[in-house]
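Data block below; observations after.
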Amino acid sequence: LVMELIPGASLGNYLKALHKREEKLPLHMVARILSALASAIDYAHSKHLIHRDIKPANVLLRSATGPVDVDKPLAEDVDPILTDFGLVRMLDASIQTSTGTVSGTPAYMSPEQAMGEKNVDGRSDIYSLGVVLFEALSGQLPFSADTPMGVVVKHITEPVPEILKSLPSLPEDVDHLIKTALAKD
């Protein structure tokens, strides 16, 4: 497999560096990145492909002005590239993931993935994108625990934490978007 070389940082590395400095991405930049990712996911879904591992580490950041540096603000022309389709599933494939098999990254996994459900569809990618949005805005994941299994159980059972309490300036529409994307059903 040959792919384009995209020098610079992943969204995951960029967010880690920001959070370490106790900084957050500006809302307009979060909107730019998430809009482009949603478009990429929508395109994949239109081709009957489910990514199943949407997370910041699988998003490379590209800019025409040069490689993205985690210690500098993002250029206005930053372009997120969704990568790592290693867990992709075709919706119309005759062979499906067997029930009870769990694939993905626990921190970003939808409840149906976490339960090993057989018919995971595009809604699972939307849930994971909601986790990325939550993290990009708040600087933390919605669910954390001491073990990966603990995180998985929280995705299945716990309500979405109230992000507006920690970000009172966040528009209510964004809060509603997060709650809708992270709906358990």
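Here, A, B, ... name the chains of the structure tokens in the order displayed, residue numbers run from 1 inside each chain, and ligands are numbered from 1 in the same displayed order.
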*Tell me which protein, DNA and RNA residues are within 8 Å of range 134-150 of chain A, counting only C-alpha atoms, leaving out same-chain ones fewer than 4 positions away, and put them as a PyMOL selection string.*
chain A and resi 15+19+23-25+27+30+106-107+130+154-155+160-161+163+166-167+178
Using all heavy atoms, can you write the selected residues to a file as a compact mmCIF listing (two decimals), in the first residue's frame?
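What landed in out.txt:
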# COMPACT_ATOMS: atom_id res chain seq x y z
N LEU A 15 -3.29 17.81 20.03
CA LEU A 15 -4.15 18.00 21.20
C LEU A 15 -3.40 17.70 22.50
O LEU A 15 -3.56 18.42 23.49
CB LEU A 15 -5.40 17.12 21.10
CG LEU A 15 -6.43 17.54 20.06
CD1 LEU A 15 -7.57 16.52 19.99
CD2 LEU A 15 -6.97 18.94 20.32
N HIS A 19 -3.01 20.36 25.50
CA HIS A 19 -3.53 20.07 26.83
C HIS A 19 -2.42 20.10 27.87
O HIS A 19 -2.66 20.50 29.01
CB HIS A 19 -4.26 18.72 26.83
CG HIS A 19 -5.39 18.70 25.85
ND1 HIS A 19 -5.91 17.53 25.35
CD2 HIS A 19 -6.10 19.69 25.25
CE1 HIS A 19 -6.89 17.80 24.51
NE2 HIS A 19 -7.02 19.10 24.42
N GLU A 23 -3.93 24.54 27.22
CA GLU A 23 -4.56 25.35 26.19
C GLU A 23 -5.59 24.50 25.46
O GLU A 23 -5.58 23.28 25.56
CB GLU A 23 -3.52 25.86 25.19
CG GLU A 23 -2.47 26.78 25.78
CD GLU A 23 -1.39 27.16 24.78
OE1 GLU A 23 -1.59 26.96 23.56
OE2 GLU A 23 -0.34 27.63 25.22
N LYS A 24 -6.46 25.18 24.74
CA LYS A 24 -7.47 24.48 23.94
C LYS A 24 -7.50 25.08 22.55
O LYS A 24 -7.11 26.22 22.33
CB LYS A 24 -8.84 24.60 24.59
CG LYS A 24 -8.91 23.87 25.91
CD LYS A 24 -10.29 23.94 26.51
CE LYS A 24 -10.31 23.18 27.80
NZ LYS A 24 -10.41 24.02 28.96
N LEU A 25 -7.98 24.28 21.60
CA LEU A 25 -8.16 24.77 20.24
C LEU A 25 -9.27 25.83 20.23
O LEU A 25 -10.30 25.64 20.89
CB LEU A 25 -8.58 23.65 19.30
CG LEU A 25 -7.52 22.76 18.69
CD1 LEU A 25 -8.17 21.64 17.89
CD2 LEU A 25 -6.57 23.54 17.84
N LEU A 27 -12.57 27.65 19.06
CA LEU A 27 -13.82 27.04 18.57
C LEU A 27 -13.89 27.04 17.04
O LEU A 27 -14.29 26.05 16.44
CB LEU A 27 -15.02 27.77 19.15
CG LEU A 27 -16.39 27.17 18.85
CD1 LEU A 27 -16.49 25.72 19.31
CD2 LEU A 27 -17.48 28.01 19.50
N VAL A 30 -11.77 24.15 15.80
CA VAL A 30 -12.44 22.87 16.06
C VAL A 30 -13.52 22.67 15.00
O VAL A 30 -13.64 21.58 14.43
CB VAL A 30 -13.06 22.84 17.48
CG1 VAL A 30 -13.92 21.59 17.67
CG2 VAL A 30 -11.97 22.89 18.55
N PRO A 106 -10.73 1.76 22.78
CA PRO A 106 -11.73 1.91 23.85
C PRO A 106 -12.16 3.35 24.15
O PRO A 106 -13.35 3.61 24.34
CB PRO A 106 -11.06 1.26 25.06
CG PRO A 106 -10.20 0.21 24.45
CD PRO A 106 -9.67 0.84 23.19
N ALA A 107 -11.25 4.30 24.17
CA ALA A 107 -11.61 5.68 24.53
C ALA A 107 -12.56 6.32 23.53
O ALA A 107 -13.27 7.26 23.86
CB ALA A 107 -10.34 6.52 24.65
N GLY A 130 -18.04 12.30 17.78
CA GLY A 130 -18.52 13.06 18.93
C GLY A 130 -17.53 13.04 20.08
O GLY A 130 -17.34 14.05 20.77
N LYS A 154 -18.11 2.33 30.72
CA LYS A 154 -18.67 3.68 30.84
C LYS A 154 -19.32 4.13 29.53
O LYS A 154 -20.35 4.80 29.56
CB LYS A 154 -17.59 4.65 31.29
CG LYS A 154 -17.23 4.48 32.76
CD LYS A 154 -16.23 5.52 33.20
CE LYS A 154 -15.98 5.37 34.69
NZ LYS A 154 -15.16 6.47 35.22
N HIS A 155 -18.73 3.79 28.40
CA HIS A 155 -19.34 4.14 27.12
C HIS A 155 -20.72 3.49 27.01
O HIS A 155 -21.63 4.07 26.43
CB HIS A 155 -18.47 3.69 25.94
CG HIS A 155 -17.39 4.64 25.58
ND1 HIS A 155 -17.63 5.86 24.98
CD2 HIS A 155 -16.05 4.57 25.74
CE1 HIS A 155 -16.49 6.48 24.77
NE2 HIS A 155 -15.52 5.73 25.23
N VAL A 160 -23.43 11.08 29.14
CA VAL A 160 -22.38 11.97 28.68
C VAL A 160 -22.16 13.06 29.73
O VAL A 160 -23.13 13.67 30.18
CB VAL A 160 -22.76 12.62 27.33
CG1 VAL A 160 -21.68 13.56 26.86
CG2 VAL A 160 -23.05 11.56 26.29
N PRO A 161 -20.92 13.30 30.14
CA PRO A 161 -20.66 14.38 31.11
C PRO A 161 -21.11 15.73 30.55
O PRO A 161 -21.08 15.97 29.35
CB PRO A 161 -19.14 14.35 31.28
CG PRO A 161 -18.71 13.01 30.81
CD PRO A 161 -19.70 12.60 29.76
N ILE A 163 -20.60 19.08 29.39
CA ILE A 163 -19.47 19.87 28.92
C ILE A 163 -19.70 21.36 29.17
O ILE A 163 -18.75 22.13 29.35
CB ILE A 163 -19.16 19.57 27.44
CG1 ILE A 163 -17.80 20.14 27.05
CG2 ILE A 163 -20.26 20.09 26.54
CD1 ILE A 163 -17.29 19.69 25.70
N SER A 166 -17.98 23.01 32.28
CA SER A 166 -16.56 23.38 32.20
C SER A 166 -16.30 24.41 31.11
O SER A 166 -15.25 25.03 31.10
CB SER A 166 -15.70 22.13 31.96
OG SER A 166 -16.04 21.53 30.74
N LEU A 167 -17.25 24.58 30.18
CA LEU A 167 -17.10 25.56 29.09
C LEU A 167 -18.38 26.38 28.96
O LEU A 167 -19.15 26.20 28.01
CB LEU A 167 -16.82 24.82 27.78
CG LEU A 167 -15.56 23.97 27.70
CD1 LEU A 167 -15.58 23.10 26.47
CD2 LEU A 167 -14.33 24.85 27.71
N ILE A 178 -23.02 17.48 20.60
CA ILE A 178 -22.23 16.47 21.31
C ILE A 178 -23.15 15.42 21.93
O ILE A 178 -22.92 14.21 21.80
CB ILE A 178 -21.34 17.13 22.39
CG1 ILE A 178 -20.22 17.93 21.71
CG2 ILE A 178 -20.75 16.07 23.33
CD1 ILE A 178 -19.45 18.81 22.66
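When DSSP is run on the backbone, the residues of chain A that fall into strand (DSSP E or B) are Gly8, Ser10, Leu49, Ile50, Val59, Leu60, Leu61, Arg62, Val68, Asp79, Pro80, Ile81, Leu82, Arg89 and Met90 of chain A.
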Mind writing the picked residues with all heavy atoms as an mmCIF file, in the first residue's frame?
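Result saved to part-v1.cif:
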data_model
loop_
_atom_site.group_PDB
_atom_site.id
_atom_site.type_symbol
_atom_site.label_atom_id
_atom_site.label_comp_id
_atom_site.auth_asym_id
_atom_site.auth_seq_id
_atom_site.Cartn_x
_atom_site.Cartn_y
_atom_site.Cartn_z
ATOM 1 N N GLY A 8 4.550 16.230 9.629
ATOM 2 C CA GLY A 8 3.953 17.042 10.676
ATOM 3 C C GLY A 8 3.229 16.194 11.697
ATOM 4 O O GLY A 8 3.484 15.004 11.851
ATOM 5 N N SER A 10 -0.083 14.641 14.043
ATOM 6 C CA SER A 10 -1.455 14.140 14.024
ATOM 7 C C SER A 10 -2.280 15.052 14.937
ATOM 8 O O SER A 10 -1.733 15.777 15.784
ATOM 9 C CB SER A 10 -1.524 12.704 14.534
ATOM 10 O OG SER A 10 -1.268 12.667 15.926
ATOM 11 N N LEU A 49 -18.565 2.257 3.386
ATOM 12 C CA LEU A 49 -17.420 1.913 4.218
ATOM 13 C C LEU A 49 -17.589 2.520 5.611
ATOM 14 O O LEU A 49 -17.889 3.713 5.738
ATOM 15 C CB LEU A 49 -16.119 2.438 3.605
ATOM 16 C CG LEU A 49 -15.774 1.927 2.211
ATOM 17 C CD1 LEU A 49 -14.561 2.661 1.669
ATOM 18 C CD2 LEU A 49 -15.529 0.427 2.240
ATOM 19 N N ILE A 50 -17.390 1.720 6.634
ATOM 20 C CA ILE A 50 -17.434 2.176 8.016
ATOM 21 C C ILE A 50 -16.002 2.127 8.543
ATOM 22 O O ILE A 50 -15.350 1.078 8.490
ATOM 23 C CB ILE A 50 -18.341 1.267 8.888
ATOM 24 C CG1 ILE A 50 -19.717 1.095 8.248
ATOM 25 C CG2 ILE A 50 -18.442 1.805 10.307
ATOM 26 C CD1 ILE A 50 -20.463 2.372 7.974
ATOM 27 N N VAL A 59 -5.884 11.114 12.535
ATOM 28 C CA VAL A 59 -6.121 12.329 11.754
ATOM 29 C C VAL A 59 -4.792 13.068 11.624
ATOM 30 O O VAL A 59 -4.233 13.532 12.620
ATOM 31 C CB VAL A 59 -7.166 13.245 12.429
ATOM 32 C CG1 VAL A 59 -7.341 14.538 11.638
ATOM 33 C CG2 VAL A 59 -8.489 12.509 12.602
ATOM 34 N N LEU A 60 -4.281 13.130 10.413
ATOM 35 C CA LEU A 60 -3.048 13.877 10.166
ATOM 36 C C LEU A 60 -3.410 15.305 9.780
ATOM 37 O O LEU A 60 -4.412 15.536 9.105
ATOM 38 C CB LEU A 60 -2.234 13.210 9.064
ATOM 39 C CG LEU A 60 -1.797 11.770 9.352
ATOM 40 C CD1 LEU A 60 -0.998 11.213 8.176
ATOM 41 C CD2 LEU A 60 -0.988 11.692 10.640
ATOM 42 N N LEU A 61 -2.581 16.251 10.211
ATOM 43 C CA LEU A 61 -2.830 17.657 9.927
ATOM 44 C C LEU A 61 -1.863 18.144 8.857
ATOM 45 O O LEU A 61 -0.644 18.029 9.013
ATOM 46 C CB LEU A 61 -2.678 18.489 11.207
ATOM 47 C CG LEU A 61 -3.635 18.111 12.339
ATOM 48 C CD1 LEU A 61 -3.295 18.880 13.606
ATOM 49 C CD2 LEU A 61 -5.079 18.363 11.926
ATOM 50 N N ARG A 62 -2.429 18.697 7.785
ATOM 51 C CA ARG A 62 -1.632 19.175 6.660
ATOM 52 C C ARG A 62 -1.910 20.662 6.471
ATOM 53 O O ARG A 62 -3.030 21.121 6.668
ATOM 54 C CB ARG A 62 -2.014 18.389 5.414
ATOM 55 C CG ARG A 62 -1.379 18.884 4.131
ATOM 56 C CD ARG A 62 -1.660 17.995 2.966
ATOM 57 N NE ARG A 62 -3.086 17.884 2.683
ATOM 58 C CZ ARG A 62 -3.593 17.038 1.802
ATOM 59 N NH1 ARG A 62 -2.828 16.231 1.130
ATOM 60 N NH2 ARG A 62 -4.887 16.987 1.589
ATOM 61 N N VAL A 68 2.852 20.920 10.216
ATOM 62 C CA VAL A 68 2.231 21.392 11.449
ATOM 63 C C VAL A 68 3.163 21.087 12.616
ATOM 64 O O VAL A 68 3.635 19.961 12.775
ATOM 65 C CB VAL A 68 0.854 20.732 11.651
ATOM 66 C CG1 VAL A 68 0.281 21.057 13.019
ATOM 67 C CG2 VAL A 68 -0.095 21.155 10.537
ATOM 68 N N ASP A 79 -5.630 21.362 7.070
ATOM 69 C CA ASP A 79 -6.494 20.398 6.399
ATOM 70 C C ASP A 79 -6.321 19.045 7.084
ATOM 71 O O ASP A 79 -5.255 18.436 6.993
ATOM 72 C CB ASP A 79 -6.079 20.321 4.924
ATOM 73 C CG ASP A 79 -7.020 19.506 4.079
ATOM 74 O OD1 ASP A 79 -8.190 19.335 4.465
ATOM 75 O OD2 ASP A 79 -6.570 19.039 3.011
ATOM 76 N N PRO A 80 -7.348 18.551 7.803
ATOM 77 C CA PRO A 80 -7.227 17.242 8.453
ATOM 78 C C PRO A 80 -7.418 16.116 7.443
ATOM 79 O O PRO A 80 -8.288 16.182 6.582
ATOM 80 C CB PRO A 80 -8.346 17.252 9.487
ATOM 81 C CG PRO A 80 -9.368 18.161 8.908
ATOM 82 C CD PRO A 80 -8.615 19.200 8.108
ATOM 83 N N ILE A 81 -6.576 15.093 7.550
ATOM 84 C CA ILE A 81 -6.645 13.933 6.657
ATOM 85 C C ILE A 81 -6.957 12.698 7.511
ATOM 86 O O ILE A 81 -6.168 12.322 8.381
ATOM 87 C CB ILE A 81 -5.295 13.720 5.922
ATOM 88 C CG1 ILE A 81 -4.818 15.000 5.243
ATOM 89 C CG2 ILE A 81 -5.395 12.552 4.955
ATOM 90 C CD1 ILE A 81 -5.729 15.542 4.182
ATOM 91 N N LEU A 82 -8.099 12.078 7.258
ATOM 92 C CA LEU A 82 -8.484 10.870 7.985
ATOM 93 C C LEU A 82 -7.704 9.690 7.429
ATOM 94 O O LEU A 82 -7.707 9.445 6.226
ATOM 95 C CB LEU A 82 -9.992 10.634 7.847
ATOM 96 C CG LEU A 82 -10.572 9.454 8.616
ATOM 97 C CD1 LEU A 82 -10.318 9.583 10.119
ATOM 98 C CD2 LEU A 82 -12.060 9.340 8.330
ATOM 99 N N ARG A 89 -14.978 -1.628 7.485
ATOM 100 C CA ARG A 89 -15.900 -2.711 7.150
ATOM 101 C C ARG A 89 -16.811 -2.206 6.049
ATOM 102 O O ARG A 89 -17.299 -1.085 6.089
ATOM 103 C CB ARG A 89 -16.738 -3.107 8.361
ATOM 104 C CG ARG A 89 -17.690 -4.250 8.057
ATOM 105 C CD ARG A 89 -18.417 -4.719 9.287
ATOM 106 N NE ARG A 89 -19.459 -3.829 9.728
ATOM 107 C CZ ARG A 89 -20.666 -3.738 9.177
ATOM 108 N NH1 ARG A 89 -20.977 -4.464 8.125
ATOM 109 N NH2 ARG A 89 -21.567 -2.924 9.664
ATOM 110 N N MET A 90 -17.035 -3.052 5.088
ATOM 111 C CA MET A 90 -17.969 -2.711 4.015
ATOM 112 C C MET A 90 -19.368 -3.108 4.443
ATOM 113 O O MET A 90 -19.587 -4.232 4.901
ATOM 114 C CB MET A 90 -17.578 -3.425 2.723
ATOM 115 C CG MET A 90 -16.233 -2.975 2.185
ATOM 116 S SD MET A 90 -15.779 -3.811 0.665
ATOM 117 C CE MET A 90 -16.977 -3.105 -0.439
#
*Give me the residues within 9 Å of Ile156 in chain A as a list in words, counting only C-alpha atoms and dropping any in the same chain fewer than 4 places off.*
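Once the adjacent positions are removed, what remains is Ser110, Pro111, Glu112, Ala114, Met115, Val151, Val152 and Lys184 of chain A.
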*From a DSSP calculation on the backbone, collect every residue of range 2-181 of chain A in alpha helix (DSSP H) and output the set as a VMD selection string.*
chain A and resid 11 to 20 27 to 46 111 to 114 122 to 138 148 to 157 163 to 166 172 to 181
